[in-house]
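**Q** After the structure tokens below, expect a handful of questions from me.
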Amino acid sequence: MAFIIVEDKDLQDRLAKIAKNLKDRAPFHKQALIFMRQDVLKHFQNNQGSKGPWKSVSKPYKLWKTSQGKNPNNILRFSGDLRKSVTTGGDANSEEARIGTNLNYAPKHQFGEGRLPQRDFLWLSEEAKG
């Protein structure tokens, strides 16, 4: 499974402070996971990586995608499987929150591989870290 590890000390400290003051962390944890997933799904809608817009697809792929009745500008959204596979998990008691996908080709997009450019989608925006 590909997943995000957020090593943002400020964010971790703020979340720990909130969690410390809660008797039952489960509802907060559940909402945090929902918010994280919604943030990651926005990256698909916006064709946006952590460092800016994703690289456009090649001209031959655009033509092929169009011939399949798909919008060639919707990067990483041919079948929707990658987007739909984004899941969350974790344990409220350990203050762990995970978001990722179990698709074997996800790391190839997240990190790039060979001629396939990096199009990272598993990241949290500054708004989500808020």
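Ordered as shown in the structure tokens, chains take letters A, B, and onward, while each chain numbers its residues from 1 and ligands are numbered from 1 in the order shown.
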Determine which residues of range 47-79 of chain A DSSP labels as strand (DSSP E) from the backbone of this structure, then write them out as a count of residues only.
**A** 4
**Q** Distance table requested - range 67-127 of chain A against range 5-28 of chain A, cut-off 12 Å, only C-alpha atoms: one row per qualifying residue with the closest atom pair and its distance in Å to one decimal, ordered by chain and rising residue number, as a Markdown table.
**A**
| residue | atom | partner | partner_atom | distance |
| --- | --- | --- | --- | --- |
| A:Gly89 | CA | A:Ala26 | CA | 11.9 |
| A:Gly90 | CA | A:Ala26 | CA | 10.4 |
| A:Asp91 | CA | A:Ala26 | CA | 8.4 |
| A:Ala92 | CA | A:Ala26 | CA | 5.5 |
| A:Asn93 | CA | A:Arg25 | CA | 7.2 |
| A:Ser94 | CA | A:Arg25 | CA | 10.1 |
| A:Glu95 | CA | A:Ala16 | CA | 7.6 |
| A:Glu96 | CA | A:Ile5 | CA | 10.0 |
| A:Ala97 | CA | A:Ile5 | CA | 9.0 |
| A:Arg98 | CA | A:Ile5 | CA | 7.6 |
| A:Ile99 | CA | A:Ile5 | CA | 8.7 |
| A:Gly100 | CA | A:Ile5 | CA | 9.9 |
| A:Leu122 | CA | A:Ile5 | CA | 9.5 |
| A:Trp123 | CA | A:Val6 | CA | 8.4 |
| A:Leu124 | CA | A:Val6 | CA | 8.2 |
| A:Ser125 | CA | A:Val6 | CA | 11.1 |
| A:Glu126 | CA | A:Leu11 | CA | 10.1 |
| A:Glu127 | CA | A:Leu11 | CA | 11.4 |
**Q** If you run DSSP on the backbone, which residues of range 17-49 of chain A are alpha helix (DSSP H), as a ChimeraX atom specification?
**A** /A:17-20,26-46
**Q** I'd like to know which of A:Val86, A:Leu33, A:Leu41, A:Leu116 is closest to Asn102 in chain A, using only C-alpha atoms.
**A** A:Val86
**Q** Might you pull out every residue within 9 Å of Leu76 in chain A, with only C-alpha atoms counted and same-chain residues fewer than 3 positions away left off, and present them as JSON, numbers by chain?
**A** {"A": [44, 47, 79, 80, 82, 83, 109, 119]}
**Q** Take the residues from that selection and put them in a file with N, CA and C atoms, as a compact mmCIF listing (two decimals), in the first residue's frame.
**A**
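Okay, part-v3.txt is ready:
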# COMPACT_ATOMS: atom_id res chain seq x y z
N PHE A 44 -6.95 15.13 -7.66
CA PHE A 44 -7.36 14.52 -8.93
C PHE A 44 -8.19 15.52 -9.74
N ASN A 47 -5.88 18.22 -11.04
CA ASN A 47 -4.66 17.78 -11.74
C ASN A 47 -3.43 18.43 -11.10
N SER A 79 -10.11 5.52 -15.75
CA SER A 79 -11.20 4.64 -15.29
C SER A 79 -11.78 5.11 -13.96
N GLY A 80 -11.02 5.91 -13.24
CA GLY A 80 -11.45 6.35 -11.91
C GLY A 80 -11.02 5.39 -10.81
N LEU A 82 -8.02 4.57 -9.62
CA LEU A 82 -7.01 5.09 -8.69
C LEU A 82 -7.65 6.02 -7.68
N ARG A 83 -8.46 6.93 -8.15
CA ARG A 83 -9.15 7.87 -7.26
C ARG A 83 -10.05 7.13 -6.27
N HIS A 109 2.80 6.33 -10.33
CA HIS A 109 2.30 7.69 -10.54
C HIS A 109 2.80 8.62 -9.44
N ARG A 119 3.45 12.16 -10.78
CA ARG A 119 2.20 12.90 -10.59
C ARG A 119 1.70 12.54 -9.20
